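**Student:** Provided herewith: entry_31.pdb, PDB, C-alpha atoms, pLDDT in the B column.
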```
ATOM      1  CA  MET A  19     -12.461  -8.805  -5.354  1.00 64.00           C
ATOM      2  CA  ALA A  20      -9.396 -10.245  -7.063  1.00 83.00           C
ATOM      3  CA  LYS A  21      -6.276 -11.019  -5.069  1.00 86.00           C
ATOM      4  CA  ILE A  22      -2.819  -9.920  -6.182  1.00 91.00           C
ATOM      5  CA  ALA A  23       0.400 -11.666  -5.147  1.00 91.00           C
ATOM      6  CA  ILE A  24       3.506  -9.477  -4.922  1.00 92.00           C
ATOM      7  CA  VAL A  25       6.900 -11.161  -4.449  1.00 92.00           C
ATOM      8  CA  ARG A  26      10.077  -9.176  -3.819  1.00 91.00           C
ATOM      9  CA  ILE A  27      12.806 -10.396  -6.179  1.00 89.00           C
ATOM     10  CA  ARG A  28      15.657  -7.953  -5.595  1.00 82.00           C
ATOM     11  CA  GLY A  29      17.334  -7.049  -2.321  1.00 80.00           C
ATOM     12  CA  GLN A  30      17.744  -3.698  -0.603  1.00 77.00           C
ATOM     13  CA  VAL A  31      21.059  -2.598  -2.086  1.00 76.00           C
ATOM     14  CA  ARG A  32      20.940   0.454  -4.380  1.00 75.00           C
ATOM     15  CA  ASN A  33      17.250   1.244  -3.962  1.00 74.00           C
ATOM     16  CA  ASN A  34      16.271   4.863  -4.386  1.00 79.00           C
ATOM     17  CA  GLY A  35      14.110   6.645  -1.810  1.00 81.00           C
ATOM     18  CA  LYS A  36      10.726   6.166  -3.474  1.00 83.00           C
ATOM     19  CA  ARG A  37      11.210   2.437  -3.990  1.00 84.00           C
ATOM     20  CA  HIS A  38      12.488   1.947  -0.460  1.00 86.00           C
ATOM     21  CA  THR A  39       9.509   3.806   0.998  1.00 85.00           C
ATOM     22  CA  ALA A  40       6.990   1.908  -1.132  1.00 84.00           C
ATOM     23  CA  MET A  41       8.529  -1.439  -0.166  1.00 85.00           C
ATOM     24  CA  ASN A  42       8.357  -0.564   3.521  1.00 83.00           C
ATOM     25  CA  LEU A  43       4.737   0.562   3.202  1.00 83.00           C
ATOM     26  CA  LEU A  44       3.849  -2.777   1.650  1.00 84.00           C
ATOM     27  CA  GLY A  45       5.872  -4.654   4.266  1.00 85.00           C
ATOM     28  CA  LEU A  46       8.248  -6.272   1.762  1.00 87.00           C
ATOM     29  CA  SER A  47      11.429  -5.705   3.738  1.00 84.00           C
ATOM     30  CA  LYS A  48      13.266  -8.933   2.847  1.00 87.00           C
ATOM     31  CA  LYS A  49      14.200 -10.587  -0.420  1.00 88.00           C
ATOM     32  CA  PHE A  50      11.737 -13.363  -1.390  1.00 89.00           C
ATOM     33  CA  SER A  51       8.984 -12.036   0.860  1.00 91.00           C
ATOM     34  CA  ALA A  52       5.455 -12.200  -0.532  1.00 90.00           C
ATOM     35  CA  LEU A  53       2.253 -10.255   0.017  1.00 89.00           C
ATOM     36  CA  ILE A  54      -1.277 -11.306  -0.893  1.00 89.00           C
ATOM     37  CA  THR A  55      -3.596  -8.300  -1.078  1.00 87.00           C
ATOM     38  CA  ASP A  56      -6.752  -7.046  -2.735  1.00 86.00           C
ATOM     39  CA  ASP A  57      -6.459  -5.367  -6.119  1.00 85.00           C
ATOM     40  CA  ASN A  58      -7.072  -1.610  -5.946  1.00 86.00           C
ATOM     41  CA  THR A  59      -5.741   1.617  -7.434  1.00 87.00           C
ATOM     42  CA  GLN A  60      -3.443   2.381  -4.485  1.00 86.00           C
ATOM     43  CA  ILE A  61      -1.657  -0.939  -4.843  1.00 86.00           C
ATOM     44  CA  ARG A  62      -1.407  -0.497  -8.628  1.00 87.00           C
ATOM     45  CA  SER A  63       0.235   2.920  -8.245  1.00 87.00           C
ATOM     46  CA  GLN A  64       2.770   1.497  -5.788  1.00 86.00           C
ATOM     47  CA  LEU A  65       3.450  -1.371  -8.198  1.00 87.00           C
ATOM     48  CA  LYS A  66       4.408   1.131 -10.895  1.00 86.00           C
ATOM     49  CA  THR A  67       7.060   2.505  -8.537  1.00 86.00           C
ATOM     50  CA  ILE A  68       8.501  -0.838  -7.421  1.00 87.00           C
ATOM     51  CA  ASN A  69       8.042  -2.790 -10.673  1.00 81.00           C
ATOM     52  CA  PRO A  70      11.798  -3.453 -11.267  1.00 85.00           C
ATOM     53  CA  ASP A  71      12.112  -5.038  -7.821  1.00 87.00           C
ATOM     54  CA  VAL A  72       9.059  -7.316  -7.647  1.00 91.00           C
ATOM     55  CA  ALA A  73       7.165  -9.981  -9.558  1.00 91.00           C
ATOM     56  CA  TRP A  74       3.395  -9.742  -9.345  1.00 91.00           C
ATOM     57  CA  GLY A  75       0.204 -11.183 -10.747  1.00 92.00           C
ATOM     58  CA  GLU A  76      -3.207 -12.615  -9.950  1.00 92.00           C
ATOM     59  CA  ALA A  77      -3.096 -15.178  -7.133  1.00 92.00           C
ATOM     60  CA  SER A  78      -5.295 -18.259  -7.269  1.00 93.00           C
ATOM     61  CA  GLU A  79      -7.313 -19.427  -4.282  1.00 92.00           C
ATOM     62  CA  GLU A  80      -5.238 -22.625  -4.207  1.00 92.00           C
ATOM     63  CA  ILE A  81      -2.016 -20.651  -3.653  1.00 88.00           C
ATOM     64  CA  VAL A  82      -3.576 -18.391  -1.027  1.00 88.00           C
ATOM     65  CA  SER A  83      -4.833 -21.363   0.997  1.00 88.00           C
ATOM     66  CA  ALA A  84      -1.499 -23.205   0.624  1.00 89.00           C
ATOM     67  CA  LEU A  85       0.414 -20.167   1.879  1.00 86.00           C
ATOM     68  CA  GLU A  86      -1.881 -19.784   4.875  1.00 84.00           C
ATOM     69  CA  LYS A  87      -1.604 -23.481   5.672  1.00 84.00           C
ATOM     70  CA  ASN A  88       2.134 -24.088   5.205  1.00 81.00           C
ATOM     71  CA  HIS A  89       3.893 -20.807   5.958  1.00 76.00           C
ATOM     72  CA  PRO A  90       3.747 -18.617   9.029  1.00 69.00           C
ATOM     73  CA  SER A  91       2.876 -15.027   8.277  1.00 68.00           C
ATOM     74  CA  LYS A  92       3.756 -11.693   9.812  1.00 69.00           C
ATOM     75  CA  LEU A  93       0.914  -9.211  10.113  1.00 68.00           C
ATOM     76  CA  ASN A  94       1.572  -5.838   8.528  1.00 66.00           C
ATOM     77  CA  LYS A  95      -0.747  -3.042   9.612  1.00 62.00           C
ATOM     78  CA  VAL A  96      -1.295  -0.549   6.814  1.00 62.00           C
ATOM     79  CA  GLN A  97      -3.318   2.601   7.252  1.00 55.00           C
ATOM     80  CA  GLN A  98      -5.672   3.218   4.341  1.00 57.00           C
ATOM     81  CA  ASP A  99      -8.335   5.932   4.567  1.00 52.00           C
ATOM     82  CA  THR A 100      -8.190   6.091   8.402  1.00 45.00           C
ATOM     83  CA  ALA A 101      -8.962   2.360   8.684  1.00 49.00           C
ATOM     84  CA  ARG A 102      -6.176  -0.005   9.617  1.00 55.00           C
ATOM     85  CA  VAL A 103      -5.936  -2.926   7.239  1.00 59.00           C
ATOM     86  CA  LYS A 104      -4.002  -6.060   8.166  1.00 65.00           C
ATOM     87  CA  GLN A 105      -1.983  -7.691   5.419  1.00 75.00           C
ATOM     88  CA  LYS A 106      -0.120 -10.972   5.736  1.00 78.00           C
ATOM     89  CA  ILE A 107       3.545 -11.071   4.744  1.00 84.00           C
ATOM     90  CA  TYR A 108       5.061 -14.472   3.922  1.00 87.00           C
ATOM     91  CA  HIS A 109       8.811 -15.100   3.942  1.00 88.00           C
ATOM     92  CA  LEU A 110       9.545 -17.723   1.280  1.00 88.00           C
ATOM     93  CA  ASN A 111      12.581 -19.688   0.103  1.00 88.00           C
ATOM     94  CA  PRO A 112      14.472 -18.941  -3.115  1.00 88.00           C
ATOM     95  CA  PRO A 113      12.769 -20.728  -6.024  1.00 86.00           C
ATOM     96  CA  THR A 114      14.008 -24.183  -6.939  1.00 85.00           C
ATOM     97  CA  GLY A 115      15.340 -24.102 -10.477  1.00 78.00           C
ATOM     98  CA  GLY A 116      16.056 -20.382 -10.384  1.00 73.00           C
ATOM     99  CA  LEU A 117      14.100 -17.321 -11.443  1.00 73.00           C
ATOM    100  CA  GLY A 118      14.405 -17.577 -15.197  1.00 68.00           C
ATOM    101  CA  ARG A 119      16.918 -17.712 -17.976  1.00 68.00           C
ATOM    102  CA  LYS A 120      18.011 -14.086 -17.696  1.00 69.00           C
ATOM    103  CA  GLY A 121      17.506 -13.683 -13.934  1.00 71.00           C
ATOM    104  CA  ILE A 122      16.545 -10.551 -12.050  1.00 71.00           C
ATOM    105  CA  LYS A 123      17.939  -8.062 -14.541  1.00 69.00           C
ATOM    106  CA  MET A 124      15.270  -8.513 -17.202  1.00 67.00           C
ATOM    107  CA  ALA A 125      11.489  -8.276 -17.189  1.00 67.00           C
ATOM    108  CA  HIS A 126       9.310 -11.378 -17.347  1.00 70.00           C
ATOM    109  CA  SER A 127       8.232 -10.437 -20.866  1.00 62.00           C
ATOM    110  CA  GLN A 128      11.905 -10.793 -21.888  1.00 61.00           C
ATOM    111  CA  LYS A 129      12.390 -14.184 -20.153  1.00 70.00           C
ATOM    112  CA  GLY A 130      13.532 -12.554 -16.912  1.00 72.00           C
ATOM    113  CA  ALA A 131      12.098 -12.485 -13.407  1.00 79.00           C
ATOM    114  CA  PHE A 132      10.565  -9.138 -12.471  1.00 80.00           C
ATOM    115  CA  GLY A 133       7.373  -7.394 -13.513  1.00 84.00           C
ATOM    116  CA  TYR A 134       3.848  -8.508 -14.287  1.00 89.00           C
ATOM    117  CA  ARG A 135       3.440 -12.287 -14.648  1.00 85.00           C
ATOM    118  CA  GLY A 136      -0.319 -12.712 -14.690  1.00 84.00           C
ATOM    119  CA  SER A 137      -1.345 -16.164 -13.511  1.00 87.00           C
ATOM    120  CA  LYS A 138       2.239 -17.452 -13.814  1.00 86.00           C
ATOM    121  CA  ILE A 139       2.954 -15.885 -10.418  1.00 88.00           C
ATOM    122  CA  ASN A 140       1.298 -18.995  -8.966  1.00 91.00           C
ATOM    123  CA  GLU A 141       4.001 -21.204 -10.508  1.00 89.00           C
ATOM    124  CA  LEU A 142       6.725 -19.001  -9.016  1.00 88.00           C
ATOM    125  CA  ILE A 143       5.186 -19.153  -5.544  1.00 90.00           C
ATOM    126  CA  LYS A 144       4.846 -22.952  -5.806  1.00 90.00           C
ATOM    127  CA  LYS A 145       8.559 -23.161  -6.633  1.00 89.00           C
ATOM    128  CA  MET A 146       9.317 -20.961  -3.620  1.00 87.00           C
ATOM    129  CA  MET A 147       7.225 -23.039  -1.197  1.00 86.00           C
ATOM    130  CA  GLN A 148       9.141 -26.290  -1.831  1.00 79.00           C
TER     131      GLN A 148
END
```
Would you write out, as structure tokens, the structure that this file holds?

**Tutor:**
Amino acid sequence: MAKIAIVRIRGQVRNNGKRHTAMNLLGLSKKFSALITDDNTQIRSQLKTINPDVAWGEASEEIVSALEKNHPSKLNKVQQDTARVKQKIYHLNPPTGGLGRKGIKMAHSQKGAFGYRGSKINELIKKMMQ
């Protein structure tokens, strides 16, 4: 199954109730925290809610192994269909070189930071691990 990387780009100020709840369910409580999880419909529906606050895309195996090797993780227990699933949350540094020309206010498709990045999420995480 494909892995998805979700990185929180914006902070907690001025979040509405649905976004705040979805972020807490995913365990993304801090700015620049990352989550590597399996791709499924539940995660996709939560991504629709929190899309303006996160950058996400398909994570490569190289990035997943580098995160596990170099960064300590916090276990987040999520209840899905009466089975507790453990997800690893990584707290990363701000990216060297910034988030993009237009910053966190524009989508990645418009040269900004948030939203779907595809495989370019790996480049962002590499910049945040330095």

**Student:** Tell me which residues the PyMOL selection byres ((chain A and resi 30) around 9) grabs here, as a ChimeraX atom specification.

**Tutor:** /A:28-29,31-33,38,47-49

**Student:** Name the residues that the PyMOL selection byres ((chain A and resi 76) around 10) picks from the file above, as a list in words, using the file's chain letters and numbers.

**Tutor:**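 Taken on the displayed file, the PyMOL selection byres ((chain A and resi 76) around 10) yields the residues Ala20, Lys21, Ile22, Ala23, Ile24, Ile54, Thr55, Asp56, Asp57, Trp74, Gly75, Ala77, Ser78, Glu79, Tyr134, Arg135, Gly136, Ser137, Lys138, Ile139 and Asn140 of chain A.
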
**Student:** Between A:Ile107, A:Ala131, A:Leu85, A:Met41, which residue has the minimum interatomic distance to Leu53 of chain A, considering all atoms listed in the file?

**Tutor:** A:Ile107

**Student:** Considering all atoms listed in the file, can you say which of A:Arg26, A:Lys106, A:Arg37, A:His89 comes closest to Ser63 of chain A?

**Tutor:** A:Arg37

**Student:** Work out how far apart atom CA of Asp71 of chain A and atom CA of Ile122 of chain A are and give it in Å to one decimal.

**Tutor:**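 Taking atom CA of Asp71 of chain A as the start and atom CA of Ile122 of chain A as the end point, the length is 8.2 Å.
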
**Student:** Evaluate the PyMOL selection byres ((chain A and resi 109) around 6) on the structure here and hand back the selected residues as a list in words.

**Tutor:** Ser51, Tyr108 and Leu110 of chain A

**Student:** Per residue of segment 39-81 of chain A within 9 Å of segment 141-146 of chain A, which atom pair is closest and at what distance in Å (one decimal), using only C-alpha atoms, listed by chain and increasing number, as JSON lines?

**Tutor:**
```
{"residue": "A:Phe50", "atom": "CA", "partner": "A:Met146", "partner_atom": "CA", "distance": 8.3}
{"residue": "A:Ala52", "atom": "CA", "partner": "A:Ile143", "partner_atom": "CA", "distance": 8.6}
{"residue": "A:Ile81", "atom": "CA", "partner": "A:Lys144", "partner_atom": "CA", "distance": 7.6}
```

**Student:** Using only C-alpha atoms, which of the listed residues (A:Thr114, A:Gln60, A:Pro70, A:Leu46) sits closest to Asn34 of chain A?

**Tutor:**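 Of the candidates, the smallest distance to Asn34 of chain A is held by A:Pro70.
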
**Student:** What is the distance between atom CA of Lys66 of chain A and atom CA of Gly130 of chain A, in Å to one decimal?

**Tutor:**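 Between these atoms lies a distance of 17.5 Å.
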
**Student:** Do you have the atom CA of Met147 of chain A-atom CA of Leu44 of chain A distance handy?

**Tutor:**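 Taking atom CA of Met147 of chain A as the start and atom CA of Leu44 of chain A as the end point, the length is 20.7 Å.
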
**Student:** Considering all atoms listed in the file, state which residue in the set A:Lys129, A:Ala73, A:Gln105, A:Thr67 is at the smallest distance from Thr39 of chain A.

**Tutor:**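 The closest residue to Thr39 of chain A is A:Thr67.
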
**Student:** Assuming 5 Å of padding per side, give the centre and edge lengths of the axis-aligned box around every listed atom of segment 39-57 of chain A, in Å to one decimal and as lines of an AutoDock Vina configuration file.

**Tutor:**
```
center_x = 3.7
center_y = -4.8
center_z = -0.9
size_x = 31.0
size_y = 27.2
size_z = 20.4
```

**Student:** Would you please work out which residue, of A:Ala40, A:Val82, A:Ile61, A:Val72, is nearest to Leu117 of chain A when using all atoms listed in the file?

**Tutor:**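 Of A:Ala40, A:Val82, A:Ile61, A:Val72, the one nearest Leu117 of chain A, counting all atoms listed in the file, is A:Val72.
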